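Printed here is model.txt (compact mmCIF, C-alpha atoms):
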# COMPACT_ATOMS: atom_id res chain seq x y z
CA MET A 1 13.09 -32.32 -5.60
CA GLN A 2 14.13 -35.83 -4.56
CA GLU A 3 11.67 -38.50 -3.44
CA VAL A 4 12.17 -40.32 -0.13
CA ARG A 5 9.98 -43.33 0.66
CA THR A 6 9.07 -43.86 4.31
CA ALA A 7 6.55 -46.34 5.77
CA GLY A 8 4.42 -46.56 2.68
CA GLU A 9 4.37 -42.86 1.86
CA VAL A 10 6.32 -40.69 -0.50
CA ARG A 11 7.44 -37.23 0.56
CA GLN A 12 9.64 -34.64 -1.06
CA LYS A 13 13.16 -34.01 0.25
CA ARG A 14 14.45 -30.49 -0.20
CA VAL A 15 17.37 -30.25 -2.63
CA THR A 16 20.42 -28.84 -0.84
CA ILE A 17 23.47 -26.94 -2.04
CA VAL A 18 25.42 -30.19 -1.54
CA ASP A 19 23.16 -31.91 -4.10
CA VAL A 20 23.71 -29.03 -6.52
CA ALA A 21 27.47 -29.20 -6.08
CA GLN A 22 27.52 -32.96 -6.73
CA HIS A 23 25.32 -32.58 -9.81
CA ALA A 24 27.54 -29.83 -11.20
CA GLY A 25 30.76 -31.66 -10.33
CA VAL A 26 32.13 -28.83 -8.22
CA SER A 27 32.89 -28.34 -4.55
CA THR A 28 30.18 -27.24 -2.14
CA ALA A 29 32.21 -24.08 -1.48
CA SER A 30 32.22 -23.25 -5.19
CA ALA A 31 28.48 -23.81 -5.50
CA SER A 32 27.93 -21.62 -2.43
CA LYS A 33 30.02 -18.85 -4.01
CA VAL A 34 27.75 -18.89 -7.06
CA LEU A 35 24.68 -18.72 -4.83
CA ARG A 36 26.14 -15.75 -2.95
CA ASN A 37 27.19 -14.04 -6.18
CA ALA A 38 30.64 -13.87 -4.62
CA TYR A 39 33.65 -12.26 -6.26
CA GLY A 40 36.02 -14.45 -8.27
CA VAL A 41 33.53 -16.94 -9.77
CA SER A 42 34.10 -17.58 -13.46
CA GLU A 43 31.24 -17.28 -15.90
CA SER A 44 31.58 -20.96 -16.92
CA MET A 45 31.38 -22.04 -13.26
CA ARG A 46 28.34 -19.83 -12.73
CA GLU A 47 26.60 -21.33 -15.76
CA ARG A 48 27.35 -24.94 -14.65
CA VAL A 49 26.04 -24.39 -11.14
CA GLN A 50 23.00 -22.45 -12.34
CA ALA A 51 22.18 -25.24 -14.80
CA SER A 52 22.29 -27.78 -11.96
CA MET A 53 20.08 -25.57 -9.79
CA ASP A 54 17.53 -25.40 -12.60
CA ALA A 55 17.73 -29.14 -13.32
CA LEU A 56 17.25 -30.12 -9.67
CA GLY A 57 14.68 -27.44 -8.89
CA TYR A 58 16.92 -26.02 -6.18
CA ARG A 59 15.44 -23.19 -4.13
CA PRO A 60 17.72 -21.32 -1.69
CA HIS A 61 16.77 -21.73 1.94
CA ARG A 62 16.10 -18.22 3.17
CA PRO A 63 17.22 -18.63 6.78
CA ALA A 64 20.55 -19.90 5.45
CA ARG A 65 20.78 -16.90 3.16
CA GLY A 66 20.00 -14.69 6.14
CA MET A 67 23.15 -15.93 7.88
CA ARG A 68 25.14 -13.69 5.58
CA GLY A 69 23.28 -10.62 6.78
CA ARG A 70 19.92 -10.57 4.98
CA THR A 71 16.74 -12.62 4.85
CA PHE A 72 15.64 -11.15 1.49
CA THR A 73 12.17 -10.48 2.87
CA ILE A 74 10.36 -7.16 3.12
CA GLY A 75 7.41 -6.58 5.42
CA MET A 76 4.46 -4.49 4.23
CA MET A 77 1.83 -3.40 6.74
CA VAL A 78 -1.62 -2.21 5.69
CA SER A 79 -4.62 -1.46 7.86
CA ASP A 80 -6.71 -4.18 6.19
CA ILE A 81 -6.85 -6.31 3.05
CA ASP A 82 -10.28 -5.07 1.92
CA ASN A 83 -8.98 -1.83 0.44
CA PRO A 84 -8.40 -2.45 -3.29
CA PHE A 85 -5.94 0.42 -3.51
CA PHE A 86 -3.42 -1.48 -1.43
CA SER A 87 -3.08 -4.11 -4.16
CA LEU A 88 -1.85 -1.43 -6.57
CA ILE A 89 0.82 -0.39 -4.09
CA ALA A 90 1.80 -4.01 -3.43
CA ASP A 91 2.12 -4.71 -7.16
CA GLY A 92 4.37 -1.69 -7.58
CA ILE A 93 6.57 -2.76 -4.67
CA SER A 94 6.78 -6.35 -5.94
CA SER A 95 7.79 -5.21 -9.44
CA VAL A 96 10.93 -3.72 -7.90
CA LEU A 97 11.68 -6.38 -5.30
CA ARG A 98 11.42 -9.39 -7.59
CA GLN A 99 14.26 -7.99 -9.71
CA ARG A 100 16.47 -8.32 -6.63
CA ASP A 101 15.13 -11.68 -5.44
CA TYR A 102 13.27 -10.26 -2.45
CA GLU A 103 9.91 -11.52 -1.19
CA LEU A 104 7.12 -9.26 0.05
CA LEU A 105 5.13 -10.34 3.10
CA ILE A 106 1.89 -8.41 3.74
CA SER A 107 0.36 -8.12 7.19
CA PRO A 108 -2.86 -6.28 8.16
CA GLY A 109 -2.38 -4.10 11.23
CA GLY A 110 -5.90 -2.87 11.93
CA TYR A 111 -6.98 0.71 12.54
CA GLU A 112 -5.47 1.38 15.95
CA ALA A 113 -1.93 2.48 16.80
CA ALA A 114 -1.53 -0.29 19.38
CA SER A 115 -2.39 -3.09 16.95
CA GLN A 116 -0.19 -1.61 14.23
CA ASN A 117 2.74 -1.28 16.62
CA ALA A 118 2.30 -4.94 17.56
CA VAL A 119 2.39 -6.00 13.90
CA VAL A 120 5.49 -3.90 13.26
CA ASP A 121 7.25 -5.50 16.23
CA ALA A 122 6.31 -8.96 14.95
CA LEU A 123 7.71 -8.18 11.49
CA ILE A 124 10.95 -6.95 13.04
CA ASP A 125 11.12 -10.10 15.19
CA HIS A 126 10.79 -12.18 12.01
CA GLN A 127 13.95 -10.50 10.74
CA MET A 128 12.59 -8.54 7.79
CA ASP A 129 15.31 -6.61 5.97
CA GLY A 130 13.07 -3.55 5.81
CA LEU A 131 9.49 -2.36 6.25
CA ILE A 132 6.98 -0.45 4.14
CA LEU A 133 4.03 0.89 6.14
CA VAL A 134 0.99 2.06 4.18
CA ALA A 135 -0.85 5.04 5.73
CA PRO A 136 0.11 4.00 9.28
CA VAL A 137 -1.78 5.50 12.22
CA VAL A 138 1.30 4.92 14.37
CA GLY A 139 2.49 8.21 15.85
CA GLY A 140 5.41 10.14 14.39
CA ASP A 141 7.68 9.45 17.38
CA ASP A 142 7.01 5.72 17.07
CA LEU A 143 7.75 5.83 13.34
CA ASP A 144 11.12 7.45 14.05
CA ARG A 145 11.82 4.79 16.69
CA ILE A 146 11.02 2.02 14.19
CA ALA A 147 13.22 3.66 11.55
CA ARG A 148 16.17 3.57 13.94
CA GLU A 149 15.73 -0.20 14.27
CA ILE A 150 15.12 -1.14 10.65
CA PRO A 151 15.10 0.53 7.19
CA LEU A 152 11.66 2.10 6.82
CA VAL A 153 9.53 3.70 4.11
CA ILE A 154 6.03 4.99 4.78
CA VAL A 155 3.43 5.42 2.04
CA GLY A 156 0.65 8.00 2.24
CA ARG A 157 1.89 10.17 5.09
CA HIS A 158 3.50 13.54 4.43
CA SER A 159 6.55 12.98 6.59
CA HIS A 160 9.50 15.30 7.08
CA SER A 161 11.43 12.87 9.27
CA GLU A 162 15.19 12.73 8.87
CA VAL A 163 15.42 8.99 9.63
CA LEU A 164 12.91 7.46 7.21
CA ASP A 165 11.61 7.86 3.65
CA SER A 166 8.08 8.62 2.51
CA VAL A 167 6.01 8.50 -0.66
CA SER A 168 2.68 10.28 -0.86
CA GLY A 169 0.31 12.02 -3.22
CA ASP A 170 -0.49 15.71 -3.06
CA ASP A 171 -3.69 15.13 -1.09
CA GLU A 172 -4.64 18.80 -0.70
CA ARG A 173 -4.42 19.24 -4.46
CA GLY A 174 -6.46 16.06 -4.97
CA SER A 175 -9.29 17.42 -2.83
CA GLU A 176 -9.18 20.68 -4.74
CA LEU A 177 -9.60 18.75 -7.99
CA VAL A 178 -12.69 17.04 -6.57
CA VAL A 179 -14.28 20.31 -5.43
CA ASP A 180 -13.50 21.94 -8.79
CA HIS A 181 -15.18 19.05 -10.59
CA LEU A 182 -18.31 19.03 -8.44
CA VAL A 183 -18.74 22.79 -8.36
CA GLY A 184 -18.26 22.84 -12.12
CA LEU A 185 -21.21 20.45 -12.41
CA GLY A 186 -23.34 22.82 -10.34
CA HIS A 187 -23.04 21.28 -6.86
CA GLY A 188 -22.93 23.51 -3.80
CA ARG A 189 -23.66 21.50 -0.66
CA ILE A 190 -20.97 18.84 -0.60
CA GLY A 191 -20.03 16.32 2.08
CA PHE A 192 -16.59 14.90 2.81
CA VAL A 193 -16.23 11.52 4.53
CA THR A 194 -13.12 11.67 6.70
CA ASN A 195 -11.21 8.80 8.25
CA HIS A 196 -11.66 8.98 12.03
CA GLN A 197 -8.55 9.90 14.02
CA ASP A 198 -8.30 9.45 17.78
CA ARG A 199 -5.34 11.82 17.69
CA VAL A 200 -5.26 14.22 14.76
CA GLU A 201 -1.89 14.38 13.01
CA PRO A 202 -1.49 16.85 10.12
CA ASP A 203 0.83 14.62 8.09
CA ARG A 204 -1.76 11.86 7.64
CA PRO A 205 -3.58 11.67 4.27
CA GLU A 206 -7.01 12.10 5.86
CA SER A 207 -5.84 15.35 7.47
CA ALA A 208 -4.42 16.68 4.21
CA ARG A 209 -7.50 15.74 2.17
CA LEU A 210 -9.82 17.31 4.74
CA ALA A 211 -7.75 20.49 4.81
CA GLY A 212 -7.76 20.63 1.02
CA PHE A 213 -11.52 20.10 0.89
CA LEU A 214 -12.31 22.84 3.41
CA LYS A 215 -9.86 25.25 1.81
CA ALA A 216 -11.26 24.64 -1.68
CA MET A 217 -14.86 25.04 -0.51
CA ALA A 218 -14.02 28.28 1.31
CA SER A 219 -12.18 29.74 -1.68
CA ARG A 220 -15.34 29.25 -3.75
CA GLY A 221 -17.59 30.91 -1.18
CA LEU A 222 -19.05 27.57 -0.06
CA ALA A 223 -17.58 27.25 3.44
CA ASP A 224 -21.04 27.07 5.03
CA ASP A 225 -22.04 24.30 2.60
CA ALA A 226 -19.07 22.05 3.44
CA VAL A 227 -20.18 19.09 5.57
CA VAL A 228 -17.69 16.77 7.30
CA ILE A 229 -18.84 13.20 8.00
CA ASP A 230 -16.67 11.40 10.56
CA SER A 231 -16.48 7.72 9.63
CA ARG A 232 -13.84 5.21 8.49
CA TRP A 233 -12.16 4.71 5.15
CA SER A 234 -13.43 1.15 4.84
CA LEU A 235 -16.38 -0.70 3.34
CA GLU A 236 -18.19 -0.60 6.67
CA GLY A 237 -17.31 3.05 7.08
CA GLY A 238 -18.93 3.80 3.74
CA ARG A 239 -22.07 1.93 4.72
CA ASN A 240 -22.27 3.87 7.99
CA ALA A 241 -21.74 7.15 6.15
CA VAL A 242 -24.99 6.65 4.23
CA ALA A 243 -27.04 6.83 7.44
CA MET A 244 -25.10 9.92 8.55
CA VAL A 245 -25.79 11.67 5.25
CA ASP A 246 -29.47 10.69 5.40
CA SER A 247 -29.76 12.21 8.89
CA LEU A 248 -28.75 15.70 7.77
CA GLU A 249 -31.53 18.29 7.86
CA THR A 250 -30.41 19.81 4.57
CA PRO A 251 -29.65 17.15 1.94
CA LEU A 252 -26.31 16.94 0.17
CA THR A 253 -26.11 16.93 -3.61
CA ALA A 254 -22.65 15.37 -3.68
CA VAL A 255 -20.39 13.26 -1.44
CA PHE A 256 -16.61 13.11 -1.59
CA ALA A 257 -15.92 9.74 0.02
CA GLY A 258 -12.22 10.36 0.73
CA ALA A 259 -11.20 6.90 -0.54
CA ASP A 260 -12.44 4.45 -3.16
CA VAL A 261 -13.12 1.75 -0.57
CA THR A 262 -15.44 4.14 1.30
CA ALA A 263 -17.23 5.07 -1.93
CA LEU A 264 -17.74 1.37 -2.68
CA GLY A 265 -19.32 0.91 0.75
CA ILE A 266 -21.63 3.85 0.08
CA MET A 267 -22.65 2.48 -3.32
CA SER A 268 -23.26 -0.98 -1.87
CA GLU A 269 -25.50 0.38 0.88
CA LEU A 270 -27.46 2.53 -1.56
CA TRP A 271 -27.90 -0.37 -3.99
CA GLU A 272 -29.31 -2.54 -1.20
CA GLN A 273 -31.81 0.23 -0.49
CA ARG A 274 -32.65 0.35 -4.21
CA ARG A 275 -31.11 3.79 -4.54
CA ALA A 276 -28.46 4.70 -7.06
CA VAL A 277 -25.77 7.24 -7.82
CA PRO A 278 -25.70 9.86 -9.12
CA ALA A 279 -29.52 10.01 -8.77
CA THR A 280 -29.35 10.06 -4.95
CA TYR A 281 -26.22 12.23 -4.92
CA SER A 282 -23.05 12.44 -6.93
CA LEU A 283 -20.20 10.40 -5.49
CA VAL A 284 -16.42 10.74 -5.77
CA GLY A 285 -13.75 8.37 -4.47
CA TYR A 286 -10.00 8.71 -4.18
CA ASP A 287 -7.27 6.25 -5.33
CA ASN A 288 -8.39 5.09 -8.80
CA SER A 289 -8.22 1.48 -7.69
CA ARG A 290 -8.77 -1.08 -10.43
CA ILE A 291 -12.33 -1.88 -9.37
CA SER A 292 -13.38 1.76 -9.73
CA SER A 293 -13.17 1.53 -13.53
CA ILE A 294 -15.45 -1.51 -13.86
CA GLY A 295 -18.45 -0.56 -15.99
CA PRO A 296 -21.33 -0.98 -13.52
CA ILE A 297 -19.35 0.97 -10.90
CA GLY A 298 -17.81 3.71 -13.05
CA LEU A 299 -16.58 5.65 -10.02
CA THR A 300 -15.33 9.19 -10.44
CA THR A 301 -12.10 9.28 -8.45
CA VAL A 302 -8.66 10.78 -8.02
CA ASP A 303 -5.73 8.87 -9.47
CA GLN A 304 -2.76 9.14 -7.12
CA SER A 305 -0.60 6.68 -9.06
CA GLY A 306 -0.72 3.73 -6.66
CA PHE A 307 1.54 1.51 -8.75
CA GLU A 308 4.13 4.27 -9.04
CA MET A 309 3.87 4.84 -5.30
CA GLY A 310 4.71 1.21 -4.72
CA GLU A 311 7.59 1.23 -7.21
CA THR A 312 9.04 4.32 -5.58
CA ALA A 313 8.66 2.89 -2.08
CA GLY A 314 10.36 -0.35 -3.12
CA ARG A 315 13.25 1.49 -4.73
CA LEU A 316 13.74 3.77 -1.74
CA LEU A 317 13.70 0.84 0.68
CA LEU A 318 16.33 -1.10 -1.26
CA GLU A 319 18.50 2.03 -1.27
CA ARG A 320 18.06 2.23 2.51
CA ILE A 321 18.99 -1.42 2.94
CA GLU A 322 22.10 -0.86 0.86
CA GLY A 323 23.29 1.98 3.05
CA ARG A 324 21.68 5.28 2.08
CA VAL A 325 20.96 7.35 5.19
CA ASP A 326 19.76 10.70 3.85
CA ALA A 327 15.96 11.00 4.00
CA SER A 328 13.94 11.15 0.78
CA HIS A 329 10.33 12.38 0.68
CA VAL A 330 8.54 11.99 -2.67
CA LEU A 331 5.29 13.79 -3.55
CA LEU A 332 3.26 12.60 -6.56
CA ARG A 333 0.81 14.80 -8.42
CA PRO A 334 -2.80 13.51 -8.60
CA GLN A 335 -5.27 13.64 -11.48
CA LEU A 336 -9.07 13.54 -11.48
CA VAL A 337 -10.73 10.72 -13.43
CA ALA A 338 -14.36 11.58 -14.21
CA ARG A 339 -16.75 8.67 -14.71
CA THR A 340 -20.49 8.03 -14.32
CA THR A 341 -21.05 8.55 -10.58
CA THR A 342 -20.99 12.33 -10.93
CA ALA A 343 -23.51 14.48 -12.82
CA PRO A 344 -25.22 17.86 -12.44
CA PRO A 345 -27.59 17.89 -9.41
CA GLU A 346 -31.23 17.13 -10.10
CA ARG A 347 -33.38 20.26 -9.84
Would you mind writing the file out in structure tokens?
Amino acid sequence: MQEVRTAGEVRQKRVTIVDVAQHAGVSTASASKVLRNAYGVSESMRERVQASMDALGYRPHRPARGMRGRTFTIGMMVSDIDNPFFSLIADGISSVLRQRDYELLISPGGYEAASQNAVVDALIDHQMDGLILVAPVVGGDDLDRIAREIPLVIVGRHSHSEVLDSVSGDDERGSELVVDHLVGLGHGRIGFVTNHQDRVEPDRPESARLAGFLKAMASRGLADDAVVIDSRWSLEGGRNAVAMVDSLETPLTAVFAGADVTALGIMSELWEQRRAVPATYSLVGYDNSRISSIGPIGLTTVDQSGFEMGETAGRLLLERIEGRVDASHVLLRPQLVARTTTAPPER
């Protein structure tokens, strides 16, 4: 960067492609061709211009790059930034995008369809090249509408849309793994914390996990012992779930929190009350977020390959941006990770 002195202060002037061209001893048009990776540029020219870019600290101005059709930015919408699982997905996406010189911009959309639609519209207005929506509560018709405006990949939902791509885990199978684990330890009366839906849609992960939980409990003769707790998959939702569990006439011996972030809220609330897991009840999360493996937490959970989800979503979106139109829907197989928050029930 070049220094410009004005009225007693020093500020940095952005290095331009003209500066690069002068430094490299080439025309501005030639330097621009190198920047655009245009056809017909010799390797020696490319090396000279790249060396000047490195020497001057040149950074391409994205709006200028966007004039040739792309802004090289991808929008990622999540419900909130408290959920540690979302960082795994974001890391997976970024690992793919950075290889192609794209930037990832993350925006929280809240828990309501209206607020998420508003965030999506804002990202489109800011000329993102494509969008990745993580477990959106936006309705299926709205998702199709968005996909007709901009390349779109959704993560978490079990979509069959012909105009967008999706990446999800086999949530029904994941719930079955949890029930198998808890029943194998001797648990019978088990609660499932679901993520509240104003309008129930079967392709959402909370719907699939609930269906898998109820089906697995019924197949083991425990349908009457399956308890559904309507809360939120959030830290606050986990805290609220503790009071709901405590209010039950017949105590639970185990709680399937539906998501790691909910389980963390439950553990936090119990710790503040000087209660612990699994002494109070066994507890299982879902996601295998990084924090779940920390020693004092040791959360039993379901690994749905968050990093791989992100990688896959990033790859699919770049394919969409480059012209692929056929829909792709990827389903990943989950695995149970048993840690210290589950144990046989106390007699």
### Query
Using all atoms listed in the file, can you list as an MDAnalysis selection string the residues within 9 Å of (7.7, -7.1, -2.8)?
chainID A and resid 73:76 90:98 102:106 314
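If you look at CA of Ser207 (chain A) and CA of Asp171 (chain A), they are 8.8 Å away from each other.
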### Message
Using only C-alpha atoms for the distances, tell me which of A:Gln197, A:Leu177, A:Glu206, A:Leu152 is nearest to Asp165 (chain A).
### Response
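So, comparing all the options, the nearest one is A:Leu152.
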### Query
Could you tell me, as a ChimeraX atom specification, which residues have any atom at most 8 Å from (-21.7, 2.1, 2.1), counting all atoms listed in the file?
/A:235-242,262-270
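Our summary of the geometry notes that CA of Arg232 (chain A) is positioned 9.8 Å from CA of Ala257 (chain A).
Within 6 Å of region 278-286 of chain A, once only C-alpha atoms are used and residues closer than 3 positions along the same chain are dropped, the contacting residues are Thr253, Ala254, Val255, Phe256, Ala257, Gly258, Ala259, Asp260, Ala263, Thr300, Thr301, Val302, Thr341 and Thr342 of chain A.
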#### Entry: Pick from A:Thr71, A:Thr250, A:Ser166, A:Ser292 nearest to Asp203 (chain A), counting all atoms listed in the file
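Of all the options, A:Ser166 lies closest to Asp203 (chain A).
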### Query
If you measure from CA of Arg315 (chain A) to CA of Ala208 (chain A), what distance in Å do you get, rounded to one decimal?
25.0 Å
### Query
From the list A:Leu331, A:Ser161, A:Glu308, A:Phe213, which residue is nearest Asp144 (chain A) when using all atoms listed in the file?
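The shortest atom-to-atom distance to Asp144 (chain A) comes from A:Ser161.
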### Message
Under the rule that all atoms listed in the file are counted, which of A:Asn117, A:Ser87, A:Arg324, A:Glu319 is the nearest residue to Arg100 (chain A)?
### Response
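Checking each candidate against Arg100 (chain A), we get A:Glu319 as the closest.
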### Message
Need the shell around Glu322 (chain A): protein/DNA/RNA residues with any atom at most 12 Å away, counting all atoms listed in the file. Skip same-chain ones fewer than 2 positions apart. Format as a PyMOL selection string?
### Response
chain A and resi 69-70+100+129-130+151+315-320+324-325
## Note on the structure
Using all atoms listed in the file, the best pick from A:Ser293, A:Val193, A:Arg209, A:Ile229 as closest to Glu172 (chain A) would be A:Arg209
### Query
Taking all atoms listed in the file into account, which of A:Ser27, A:Ser79, A:Gln116, A:Thr312 comes nearest Gly139 (chain A)?
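Among A:Ser27, A:Ser79, A:Gln116, A:Thr312, it is A:Gln116 that comes nearest to Gly139 (chain A).
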